[in-house]
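Quick notes on the structure that follows.
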Amino acid sequence: MTNQTAANRYAKALFDVALNEADPQVVEADLAGFVELITTQTTLRQALSSPAVPVERKQAVLSAISDRVKEVSPAVVRLLELLIARDRLLLLPEIVTAYQARVREHMHVLRAKVTTALPLPSDRHQALAKRLGGATNCKIELETHVDPSIVGGAIVKLGSTIYDGSIVRQLERMRQQFENSL
């Protein structure tokens with residue numbers, strides 16, 4: 001089983017538990033907070049990921065952390081205990097990403113990546129999000145990128161679908177049509 005497959009399974013299980021026992025968004029924040037803690041605290045990350053440290057010690061460290069931070073949801077603590085017991089804590093960043101995708105899907109939120117030749121003004125940004133939201137019946141989170149090589153227009157990636165309305169692509173189509181007509 002690949003790491004991504006395992007991360008998706010853990011994320012699905014956590015999401016199912018969160019739907020029944022807690023608020024999925026609170027669980028998401030707790031999970032992301034723990035990842036940030038591990039990322040910023042090198043000694044903690046090394047201790048929790050080292051095979052030389054016994055599982056019991058890792059569990060004790062996790063218990064001490066969760067005792068100090070009382071707001072961490074029990075579902076997250078149980079997941080972390082399971083990951084430590086199975087020596088899979090290194091999957092945590094991928095689990096967070098997969099879990100966040102599940103929460104967005106549950107909330108009917110789609111992430112769209114938009115590439116333009118120039119930065120999008122905020123009014124255009126909001127108008128594009130509104131139009132995409134109307135077309136998909138979902139709330140849209142826009143992630144914008146600037147790539148001057150597309151000359152003009154926009155490239156929108158929505159899920160696995162790409163809408164290429166760039167000037168470069170339109171010129172390429174015109175060139176192909178011209179060559180085919182000869």
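In the structure tokens, chains take letters A, B, ... by order of appearance, with residues numbered from 1 within each chain and ligands from 1 in the order shown.
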
_Residues near Val77 of chain A, anyone? I mean within 10 Å using only C-alpha atoms, not counting same-chain ones fewer than 5 positions away, as a list of chain:residue names._
A:Asp30, A:Leu31, A:Phe34, A:Leu62, A:Ser63, A:Ile65, A:Ser66, A:Val72, A:Leu82, A:Leu83

Limited to C-alpha atoms, could you put the picked residues into a file as a tab-separated table (two decimals), in the first residue's frame?
chain	number	residue	atom	x	y	z
A	30	ASP	CA	-6.70	20.29	15.73
A	31	LEU	CA	-5.00	18.02	13.23
A	34	PHE	CA	-0.53	19.19	15.69
A	62	LEU	CA	1.67	12.46	23.10
A	63	SER	CA	-0.27	12.09	26.35
A	65	ILE	CA	1.03	17.17	24.94
A	66	SER	CA	-2.70	16.41	24.88
A	72	VAL	CA	-7.56	18.75	21.19
A	82	LEU	CA	-2.76	4.77	16.40
A	83	LEU	CA	-0.17	6.34	14.09

_Need to verify the contact set: Glu105 of chain A, 10 Å, only C-alpha atoms, exclusion of same-chain residues closer than 6 positions in sequence. Can you return it as a PyMOL selection string?_
chain A and resi 99+111+138

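DSSP on the backbone gives strand (DSSP E) for these parts of segment 12-118 of chain A: Val109, Leu110, Arg111, Ala112, Lys113, Val114, Thr115 and Thr116 of chain A.
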
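Of the residues listed (A:Ala60, A:Met107, A:Val55, A:Leu92), A:Met107 shows the shortest atom-to-atom separation from Pro24 of chain A; distances use only C-alpha atoms.
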
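Residues within 12 Å of Val26 of chain A, counting only C-alpha atoms and excluding same-chain residues fewer than 2 positions away, are Phe15, Ala18, Leu19, Glu21, Ala22, Asp23, Pro24, Glu28, Ala29, Asp30, Leu31, Ala32, Gly33, Glu71, Val72, Ser73, Pro74, Ala75, Val76, Tyr99, Gln100 and Val103 of chain A.
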
For those residues, write N, CA and C atoms to a file as a PDB file, in the first residue's frame.
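Produced file again32.pdb, reproduced below:
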ATOM      1  N   PHE A  15     -12.475  11.221   9.338  1.00  0.00           N
ATOM      2  CA  PHE A  15     -13.625  12.028   8.925  1.00  0.00           C
ATOM      3  C   PHE A  15     -14.931  11.366   9.358  1.00  0.00           C
ATOM      4  N   ALA A  18     -15.292  11.932  12.978  1.00  0.00           N
ATOM      5  CA  ALA A  18     -15.578  13.344  13.237  1.00  0.00           C
ATOM      6  C   ALA A  18     -17.037  13.680  12.929  1.00  0.00           C
ATOM      7  N   LEU A  19     -17.594  13.079  11.904  1.00  0.00           N
ATOM      8  CA  LEU A  19     -19.008  13.326  11.588  1.00  0.00           C
ATOM      9  C   LEU A  19     -19.915  12.833  12.712  1.00  0.00           C
ATOM     10  N   GLU A  21     -18.895  12.159  16.042  1.00  0.00           N
ATOM     11  CA  GLU A  21     -18.541  12.550  17.401  1.00  0.00           C
ATOM     12  C   GLU A  21     -18.214  14.027  17.583  1.00  0.00           C
ATOM     13  N   ALA A  22     -17.865  14.710  16.528  1.00  0.00           N
ATOM     14  CA  ALA A  22     -17.378  16.081  16.689  1.00  0.00           C
ATOM     15  C   ALA A  22     -17.674  16.893  15.426  1.00  0.00           C
ATOM     16  N   ASP A  23     -17.202  18.098  15.405  1.00  0.00           N
ATOM     17  CA  ASP A  23     -17.308  18.966  14.242  1.00  0.00           C
ATOM     18  C   ASP A  23     -16.093  18.707  13.344  1.00  0.00           C
ATOM     19  N   PRO A  24     -16.308  18.293  12.093  1.00  0.00           N
ATOM     20  CA  PRO A  24     -15.162  17.995  11.205  1.00  0.00           C
ATOM     21  C   PRO A  24     -14.185  19.160  11.047  1.00  0.00           C
ATOM     22  N   GLU A  28     -10.271  19.198  11.937  1.00  0.00           N
ATOM     23  CA  GLU A  28      -9.291  19.654  10.940  1.00  0.00           C
ATOM     24  C   GLU A  28      -8.307  20.651  11.558  1.00  0.00           C
ATOM     25  N   ALA A  29      -8.823  21.601  12.319  1.00  0.00           N
ATOM     26  CA  ALA A  29      -7.956  22.598  12.957  1.00  0.00           C
ATOM     27  C   ALA A  29      -7.023  21.939  13.970  1.00  0.00           C
ATOM     28  N   ASP A  30      -7.543  20.985  14.754  1.00  0.00           N
ATOM     29  CA  ASP A  30      -6.704  20.288  15.728  1.00  0.00           C
ATOM     30  C   ASP A  30      -5.597  19.503  15.045  1.00  0.00           C
ATOM     31  N   LEU A  31      -5.964  18.820  13.976  1.00  0.00           N
ATOM     32  CA  LEU A  31      -4.995  18.017  13.234  1.00  0.00           C
ATOM     33  C   LEU A  31      -3.917  18.903  12.619  1.00  0.00           C
ATOM     34  N   ALA A  32      -4.337  19.999  12.002  1.00  0.00           N
ATOM     35  CA  ALA A  32      -3.380  20.934  11.395  1.00  0.00           C
ATOM     36  C   ALA A  32      -2.491  21.563  12.461  1.00  0.00           C
ATOM     37  N   GLY A  33      -3.045  21.839  13.621  1.00  0.00           N
ATOM     38  CA  GLY A  33      -2.258  22.405  14.713  1.00  0.00           C
ATOM     39  C   GLY A  33      -1.182  21.445  15.191  1.00  0.00           C
ATOM     40  N   GLU A  71      -7.884  21.370  24.515  1.00  0.00           N
ATOM     41  CA  GLU A  71      -8.898  21.510  23.471  1.00  0.00           C
ATOM     42  C   GLU A  71      -8.766  20.506  22.326  1.00  0.00           C
ATOM     43  N   VAL A  72      -7.740  19.699  22.294  1.00  0.00           N
ATOM     44  CA  VAL A  72      -7.558  18.754  21.193  1.00  0.00           C
ATOM     45  C   VAL A  72      -8.666  17.706  21.255  1.00  0.00           C
ATOM     46  N   SER A  73      -9.316  17.514  20.130  1.00  0.00           N
ATOM     47  CA  SER A  73     -10.444  16.575  20.096  1.00  0.00           C
ATOM     48  C   SER A  73      -9.957  15.143  20.330  1.00  0.00           C
ATOM     49  N   PRO A  74     -10.762  14.349  21.029  1.00  0.00           N
ATOM     50  CA  PRO A  74     -10.380  12.964  21.312  1.00  0.00           C
ATOM     51  C   PRO A  74     -10.125  12.143  20.042  1.00  0.00           C
ATOM     52  N   ALA A  75     -10.849  12.447  18.965  1.00  0.00           N
ATOM     53  CA  ALA A  75     -10.645  11.704  17.710  1.00  0.00           C
ATOM     54  C   ALA A  75      -9.228  11.908  17.181  1.00  0.00           C
ATOM     55  N   VAL A  76      -8.718  13.123  17.297  1.00  0.00           N
ATOM     56  CA  VAL A  76      -7.355  13.408  16.834  1.00  0.00           C
ATOM     57  C   VAL A  76      -6.342  12.698  17.724  1.00  0.00           C
ATOM     58  N   TYR A  99      -7.617  14.772   4.583  1.00  0.00           N
ATOM     59  CA  TYR A  99      -8.734  15.109   5.458  1.00  0.00           C
ATOM     60  C   TYR A  99      -9.333  16.454   5.048  1.00  0.00           C
ATOM     61  N   GLN A 100      -8.487  17.431   4.760  1.00  0.00           N
ATOM     62  CA  GLN A 100      -8.978  18.738   4.329  1.00  0.00           C
ATOM     63  C   GLN A 100      -9.795  18.631   3.049  1.00  0.00           C
ATOM     64  N   VAL A 103     -13.219  17.379   4.028  1.00  0.00           N
ATOM     65  CA  VAL A 103     -14.025  18.430   4.655  1.00  0.00           C
ATOM     66  C   VAL A 103     -14.565  19.381   3.596  1.00  0.00           C
TER      67      VAL A 103
END

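For the choices A:Ala64, A:Val53, A:Ala101, A:Leu37, the atom-to-atom distance to Ala85 of chain A is smallest for A:Val53 when using only C-alpha atoms.
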
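Atom to atom, atom CA of Val114 of chain A and atom CA of Thr161 of chain A stand 12.0 Å apart.
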
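You can rank A:Leu110, A:Arg175, A:Ile38, A:Ala117 by their closest distance to Asn137 of chain A using only C-alpha atoms, and at the top of that list sits A:Leu110.
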
*Do you know which residues are at most 12 Å from Arg57 of chain A counting only C-alpha atoms, after dropping those on the same chain fewer than 6 positions away, and could you put them as a PyMOL selection string?*
chain A and resi 44+47-51+63-64+81+84-85

Take the residues that were just selected and, keeping C-alpha atoms, output them as a PDB file, in the first residue's frame.
ATOM      1  CA  LEU A  44       9.656  16.618  19.161  1.00  0.00           C
ATOM      2  CA  ALA A  47      11.562  11.877  19.135  1.00  0.00           C
ATOM      3  CA  LEU A  48       8.191  10.872  17.697  1.00  0.00           C
ATOM      4  CA  SER A  49       9.563   9.583  14.409  1.00  0.00           C
ATOM      5  CA  SER A  50      12.719   7.859  15.659  1.00  0.00           C
ATOM      6  CA  PRO A  51      12.623   4.066  15.659  1.00  0.00           C
ATOM      7  CA  SER A  63      -0.273  12.086  26.348  1.00  0.00           C
ATOM      8  CA  ALA A  64       1.690  14.928  27.938  1.00  0.00           C
ATOM      9  CA  GLU A  81      -1.970   7.197  19.211  1.00  0.00           C
ATOM     10  CA  ILE A  84       2.466   6.157  16.806  1.00  0.00           C
ATOM     11  CA  ALA A  85       1.619   2.537  17.621  1.00  0.00           C
TER      12      ALA A  85
END

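The gap separating atom CA of Gln25 of chain A from atom CA of Val69 of chain A is 17.6 Å, in Å to one decimal.
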
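Among the candidates A:Ile95, A:Lys58, A:Thr2, A:Arg88, the one nearest to Leu14 of chain A when counting only C-alpha atoms is A:Ile95.
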
*Skipping near chain neighbours, those fewer than 5 positions away, what residues fall within 6 Å of segment 152-159 of chain A using only C-alpha atoms, listed as a ChimeraX atom specification?*
/A:112-117,164-167

Dump of N, CA and C atoms for the selected residues, as a CSV table (one decimal), in the first residue's frame:
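File produced: result.csv:
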chain,number,residue,atom,x,y,z
A,112,ALA,N,-10.3,25.9,-6.9
A,112,ALA,CA,-10.0,26.2,-8.3
A,112,ALA,C,-8.7,26.9,-8.4
A,113,LYS,N,-7.8,26.4,-9.3
A,113,LYS,CA,-6.6,27.1,-9.6
A,113,LYS,C,-6.7,27.9,-10.8
A,114,VAL,N,-6.4,29.2,-10.7
A,114,VAL,CA,-6.6,30.1,-11.9
A,114,VAL,C,-5.2,30.7,-12.2
A,115,THR,N,-4.8,30.6,-13.5
A,115,THR,CA,-3.6,31.1,-13.9
A,115,THR,C,-3.9,32.2,-14.9
A,116,THR,N,-3.4,33.4,-14.7
A,116,THR,CA,-3.6,34.6,-15.5
A,116,THR,C,-2.2,35.2,-15.9
A,117,ALA,N,-2.2,36.0,-16.9
A,117,ALA,CA,-0.9,36.7,-17.3
A,117,ALA,C,-0.6,37.8,-16.4
A,164,ASP,N,-8.9,25.9,-20.6
A,164,ASP,CA,-7.7,26.8,-21.1
A,164,ASP,C,-8.3,27.8,-22.1
A,165,GLY,N,-8.4,29.0,-21.5
A,165,GLY,CA,-8.9,30.2,-22.3
A,165,GLY,C,-7.7,31.2,-22.5
A,166,SER,N,-6.5,30.7,-22.5
A,166,SER,CA,-5.4,31.6,-22.7
A,166,SER,C,-5.2,32.0,-24.1
A,167,ILE,N,-4.6,33.1,-24.3
A,167,ILE,CA,-4.3,33.6,-25.7
A,167,ILE,C,-3.3,32.6,-26.4

_DSSP on the backbone, alpha helix (DSSP H) only: what residues of segment 42-170 of chain A does that give? Format it as an MDAnalysis selection string._
chainID A and resid 42:49 55:68 74:85 92:106 122:136 167:170
